Amino acid sequence: MELGPIISAMRRNKVGAIVVGVQMAITLAILCNALFIIEQRVALGKRPTGTDEANIVVITNQWAGHPTDLAAKLQGDLAALRSMPGVVDAFASNTYPLSNGGSSLNLKLNPEQRESTAQTALYIADEHGLQTLGLKLIAGRNFTADEVLDRMPGTNVPPSAVIVTRALAEKLFPGKNAAGQSVYSEYQKTLAPIVGVVDKLQVPWTQAGGFGSKFNDSSLLEPYRHEAPYGYYLVHAQPGQAVAVMKAAEKRLIEVNRARVLQKSQTLTEARAEAYKDDRGLVIILGVVCAALVAVTAFGIVGLTSYWVAQRRRQIGIRRALGATRTAIIRYFQTENFLIAAVGSIGGIGLALSLNLWMVTAFEMERLDTRYALIGAVFVLLLGQLAVLWPALKAASIPPALATRAA
Amino acid sequence: MFSYYLNLALRSLKRNVVLTMLMIAAIGVGIGASMTTLTIFRAMAADPIPNKSRQLFAVQIDNWGPSKSGVQTPDDKLQQQVSYTDAMGLMNAHAALRQTVMYSTGFALSPPNPNLRPFQVPARATYMDFFPMFEVPFRFGTPWTREDDEGRAPVAVISRELNDKVFGGANSVGKTLNLDKHDYRVVGVLDRWQPVPKFYDLNNNQYGEIEQAFIPFTRAIENQMTTWGNNNCSRDAVAPGWEGHLHSECVWFQFWAELPTAADAERYRYVLNNYAAEQQRLGRFHWAAHTRLRDVREWLADQHVVTDEARILVLVSFSFLLVCLLNAMGLMLAKIMGRAGDIGVRRALGANRRAIFGQCLIEAGVIGFAGGLVGLALTAAGLLGLRALLSEQTTRLTHLGFWEVGITVGTAVIATTLAGLYPTWRAAHIQPAWQLKAQ
């Protein structure tokens with residue numbers, strides 16, 4: 001391979017080569033960091049809640065005034081909802097998955113313990129909760145109707161039993177069967193028996209690095225009737241009927257009592273889209289910037305190489321006249337670009353890793369997998385080869401006869 | 001001279017349309033991407049109350065004590081909000097020019113017309129000082145009075161939006177609103193007011209809309225109105241009932257003080273520390289006084305109002321702009337070296353280096369200006385795109401103002417001219433003799 005002439009030619013056009021090399025290095029650094037962020041955000045938005053999202057409808061209910069008979073009102077609403085056609089089951093809660101609002105508790109194993117063992121999200125549910133959410137019980141049992149207590153706002157009745165998720169159970173009692181054990185909640189100052197363990201129920205908070213991100217799958221269900229002026233009705237519809245059930249349920253609730261505001265009703269699928277809207281936006285913006293970046297870099301290489309070709313028409317003609325084949329000319333430009341890109345890539349990998357290191361300290365960001373940098377480097381090398389192809393082909397088509405003509 | 005160079009620049013650019021377009025496109029795309037993200041970033045980092053951001057202070061008091069280690073460290077995060085006990089303690093101290101405790105709550109409003117359904121009205125419970133403190137503009141009426149605060153009066157200041165909805169925009173001062181089956185007398189109607197970010201309460205929705213009704217704090221507490229914001233009870237057990245919750249160590253109130261001078265702020269810091277020390281003496285706090293007083297800007301920085309996402313986007317898009325500029329620089333270099341012959345002739349005919357330098361720089365500036373215009377169009381398109389992509393609260397940040405337009409075009413021209421410096425310098429150092437010989 002004729003590296004000598006290529007390098008000496010590059011020396012005569014140092015700045016051009018450096019500009020292309022630096023450009024490729026920065027492109028590589030941005031590209032692999034952006035793709036890394038994209039991959040993480042996509043994964044974030046795909047985390048399962050553990051519920052049958054497509055068939056669950058959430059209705060936000062706010063009573064107008066301060067009704068004193070909340071217990072009766074709640075039972076009336078739930079009876080109406082459960083008796084509707086297309087409804088599998090329903091219950092009332094303080095929050096729902098993907099809502100980004102709720103309560104958390106610190107749990108201990110006994111009252112004497114100084115620091116808490118685990119943090120958890122609190123979901124209020126009656127004996128219909130598991131079926132409505134479509135949760136999978138992996139140990140123990142569901143709440144019984146007797147265990148479900150009244151919980152008026154501002155009261156603090158200790159729970160008679162709790163159900164925990166698998167992740168929370170493993171944090172509290174690693175390697176043991178949590179069902180049958182007890183946990184102590186500092187807030188309620190009471191030891192409550194764990195009666196069941198469900199496979200999965202995500203906390204209501206979904207933000208990347210935000211509240212709840214450290215205990216994403218640690219949830220706890222407490223058996224209460226949610227008798228509050230503000231709450232959520234969760235309704236499990238038969239497959240495919242969620243939207244119809246949502247409309248009908250709103251109408252039915254208004255028929256039962258008009259003195260209320262149904263501020264917002266949605267399926268959990270819609271709640272997911274809303275919860276991750278900004279993450280999806282970030283993914284799309286970064287994707288567009290990456291695409292533009294690749295295009296700009298590629299066109300830049302095409303433009304610059306074309307100029308180099310145009311400048312060296314005569315030399316190329318002479319080389320052709322002296323016996324260089326077309327392939328040799330193409331290979332010349334490809335080797336040239338490869339050398340620049342290789343140096344650029346090495347710089348780019350370093351830049352990518354240091355950019356990521358800085359982002360790890362400045363933001364809630366994980367360490368970049370080195371594989372990303374290597375894949376990015378291969379991509380940038382290929383991009384260079386592809387971009388240089390067209391000018392190289394044009395160079396190869398310069399006729400040897402050009403050498404004989406005056407400039 | 002300038003117009004002559006401009007003419008030359010335009011001719012030169014016309015001679016190689018493809019290359020010119022490539023340069024303009026590269027700069028346009030880079031500027032478009034970076035200005036789109038910068039607009040969002042600037043809006044997030046904006047000072048919501050520039051006249052008074054150094055005079056309004058958020059108060060933080062540690063009523064939970066040091067965390068795990070048992071030792072207080074300087075970066076121990078203080079609770080974002082304060083407890084009822086501490087808020088009342090500070091209200092009664094009257095140590096600031098103006099002060100208010102507040103929290104976010106809400107109502108169901110039942111319209112006078114029984115055929116209309118009730119609707120939701122987010123509200124803020126606060127003291128009358130809130131309005132002059134935060135320079136809240138009034139369309140009709142005034143804030144309620146100090147006597148209303150003390151007398152727990154059922155009065156309300158409503159937003160312009162709610163006034164439009166319920167009273168059709170007419171002066172509703174003196175009229176009554178039925179909020180959760182209680183009658184409230186309207187004393188004032190706000191004019192348009194939307195601080196971005198909503199600095200006085202950053203819980204839940206930092207760029208969200210202001211509340212639609214404001215009522216006396218004392219009234220809200222008497223009516224046992226629960227908070228619609230965050231309520232954090234971490235440490236101690238809470239006694240049952242409203243009173244139990246109210247007098248617990250749960251934090252769910254914001255507390256703001258207006259302190260016009262640095263001396264006032266210093267004195268208030270002292271008062272705050274004394275208060276916490278007093279609580280320690282009384283046995284309520286088992287740790288040394290730990291308090292903070294932050295003005296609006298410090299408060300916004302401490303609460304990370306500018307999201308990591310916005311920072312990442314700005315970083316990525318400005319790196320992208322750098323690539324675009326390098327790209328344009330390479331193309332300019334190629335273009336100028338391709339015209340070495342021309343420049344040689346001009347030099348031989350008597351143009352000095354400065355003239356060549358000036359001419360080429362103006363050419364770069366023209367490319368920059370054109371790129372800036374393309375970038376402006378792309379920024380507008382980008383912001384429109386973001387409005388569709390991002391959540392509703394973030395769309396408040398996608399406003400393209402006069403300043404943004406200026407910054408966009410200005411950045412393009414300056415950055416491109418800077419990128420053109422090296423190619424231009426090379427052009428100015430072309431040896432006329434060599435070029436003429438080669439011909």
# chains A, B, ... in the order shown; residues from 1 in each chain; ligands from 1
$ residues_around --residues "Gln23 in chain A" --least-positions-apart "4" --cutoff "9 Å" --atoms "only C-alpha atoms" --output "list in words"
Ile18, Val19, Thr27, Leu28, Thr297 and Gly344 of chain A; Leu322, Val323, Cys324, Leu326 and Asn327 of chain B
$ write_last_selection --atoms "C-alpha atoms" --output "PDB file, in the first residue's frame"
ATOM      1  CA  ILE A  18      -7.159  17.912  10.794  1.00  0.00           C
ATOM      2  CA  VAL A  19     -10.563  19.527  10.264  1.00  0.00           C
ATOM      3  CA  THR A  27     -19.156  13.076  15.744  1.00  0.00           C
ATOM      4  CA  LEU A  28     -18.101   9.804  17.330  1.00  0.00           C
ATOM      5  CA  THR A 297     -20.272  14.911   8.635  1.00  0.00           C
ATOM      6  CA  GLY A 344     -10.082  10.729  14.495  1.00  0.00           C
TER       7      GLY A 344
ATOM      8  CA  LEU B 322     -19.104  22.793  16.533  1.00  0.00           C
ATOM      9  CA  VAL B 323     -19.045  19.922  14.028  1.00  0.00           C
ATOM     10  CA  CYS B 324     -21.105  22.004  11.609  1.00  0.00           C
ATOM     11  CA  LEU B 326     -15.654  22.719  11.436  1.00  0.00           C
ATOM     12  CA  ASN B 327     -17.411  21.404   8.398  1.00  0.00           C
TER      13      ASN B 327
END
$ select_by_dssp --residues "range 127-333 of chain A" --states "strand (DSSP E)" --output "PyMOL selection string"
chain A and resi 137-140+149-151+162-165+182-185+190-198+219-226+230-237+260-261+265-267
$ closest_residue --among "B:Ala220, B:Val59, B:Ile407, B:Ile312" --to "chain A" --atoms "only C-alpha atoms"
B:Ile312
$ interface_residues --of "chain B" --to "chain A" --cutoff "8 Å" --atoms "only C-alpha atoms" --output "number ranges by chain"
B: 19, 22, 26, 29, 33, 68, 107-110, 117-120, 179-182, 233-242, 245, 308-309, 313, 316-317, 319-320, 323-324, 326-331, 333-335, 338, 386, 389-391, 439
$ residues_around --residues "Asp126 in chain A" --least-positions-apart "2" --cutoff "12 Å" --atoms "only C-alpha atoms" --output "PyMOL selection string"
chain A and resi 74-75+78+89-94+123-124+128-133+142-151+159-163+221-227+233-234
$ residues_around --residues "Asp183 in chain B" --least-positions-apart "4" --cutoff "9 Å" --atoms "only C-alpha atoms" --output "PyMOL selection string"
chain B and resi 154-155+176-179
$ write_last_selection --atoms "C-alpha atoms" --output "PDB file, in the first residue's frame"
ATOM      1  CA  PRO B 154     -64.159  33.534  53.458  1.00  0.00           C
ATOM      2  CA  VAL B 155     -62.705  35.747  50.731  1.00  0.00           C
ATOM      3  CA  THR B 176     -69.786  35.072  45.605  1.00  0.00           C
ATOM      4  CA  LEU B 177     -68.280  31.776  44.542  1.00  0.00           C
ATOM      5  CA  ASN B 178     -69.436  28.434  45.849  1.00  0.00           C
ATOM      6  CA  LEU B 179     -66.264  26.518  46.585  1.00  0.00           C
TER       7      LEU B 179
END
$ closest_residue --among "A:Leu168, A:Gly240, A:Gly231, A:Asp199" --to "Lys214 in chain A" --atoms "only C-alpha atoms"
A:Leu168
$ select_by_dssp --residues "range 155-240 of chain A" --states "alpha helix (DSSP H)" --output "list in words"
Arg166, Ala167, Leu168, Ala169, Glu170, Lys171 and Leu172 of chain A
$ closest_residue --among "A:Ile346, A:Ala167, A:Ala401, A:Leu253" --to "Leu81 in chain A" --atoms "only C-alpha atoms"
A:Leu253
$ residues_around --residues "Ala324 in chain A" --least-positions-apart "4" --cutoff "12 Å" --atoms "only C-alpha atoms" --output "PyMOL selection string"
chain A and resi 2+315-320+328-332+396+398-400
$ write_last_selection --atoms "N, CA and C atoms" --output "short mmCIF file (atom, residue, chain, number, x, y, z; two decimals), in the first residue's frame"
data_model
loop_
_atom_site.label_atom_id
_atom_site.label_comp_id
_atom_site.auth_asym_id
_atom_site.auth_seq_id
_atom_site.Cartn_x
_atom_site.Cartn_y
_atom_site.Cartn_z
N GLU A 2 0.51 2.20 -0.84
CA GLU A 2 1.37 3.37 -1.00
C GLU A 2 1.08 4.42 0.08
N GLN A 315 -2.48 15.83 -11.27
CA GLN A 315 -1.64 14.76 -10.71
C GLN A 315 -2.27 13.39 -10.95
N ILE A 316 -3.62 13.35 -10.75
CA ILE A 316 -4.29 12.06 -10.93
C ILE A 316 -4.15 11.61 -12.37
N GLY A 317 -4.30 12.57 -13.30
CA GLY A 317 -4.13 12.26 -14.72
C GLY A 317 -2.74 11.70 -14.99
N ILE A 318 -1.75 12.32 -14.38
CA ILE A 318 -0.37 11.87 -14.58
C ILE A 318 -0.19 10.45 -14.04
N ARG A 319 -0.76 10.23 -12.82
CA ARG A 319 -0.63 8.88 -12.25
C ARG A 319 -1.27 7.84 -13.14
N ARG A 320 -2.46 8.23 -13.68
CA ARG A 320 -3.15 7.28 -14.57
C ARG A 320 -2.28 7.02 -15.80
N ALA A 328 -6.62 1.69 -8.18
CA ALA A 328 -5.54 2.27 -7.37
C ALA A 328 -5.89 3.69 -6.95
N ILE A 329 -6.54 4.45 -7.86
CA ILE A 329 -6.93 5.83 -7.53
C ILE A 329 -7.99 5.82 -6.43
N ILE A 330 -9.00 4.94 -6.62
CA ILE A 330 -10.06 4.86 -5.60
C ILE A 330 -9.45 4.47 -4.26
N ARG A 331 -8.54 3.47 -4.34
CA ARG A 331 -7.93 3.01 -3.11
C ARG A 331 -7.14 4.12 -2.43
N TYR A 332 -6.54 4.98 -3.22
CA TYR A 332 -5.77 6.09 -2.67
C TYR A 332 -6.65 6.95 -1.75
N ALA A 396 -11.38 8.58 -10.14
CA ALA A 396 -10.95 7.45 -10.96
C ALA A 396 -11.35 7.63 -12.42
N ILE A 398 -11.07 10.32 -14.13
CA ILE A 398 -10.24 11.33 -14.81
C ILE A 398 -9.39 10.61 -15.87
N PRO A 399 -9.47 11.05 -17.10
CA PRO A 399 -8.76 10.33 -18.16
C PRO A 399 -7.25 10.57 -18.09
N PRO A 400 -6.45 9.55 -18.39
CA PRO A 400 -5.00 9.70 -18.38
C PRO A 400 -4.54 10.79 -19.36
#
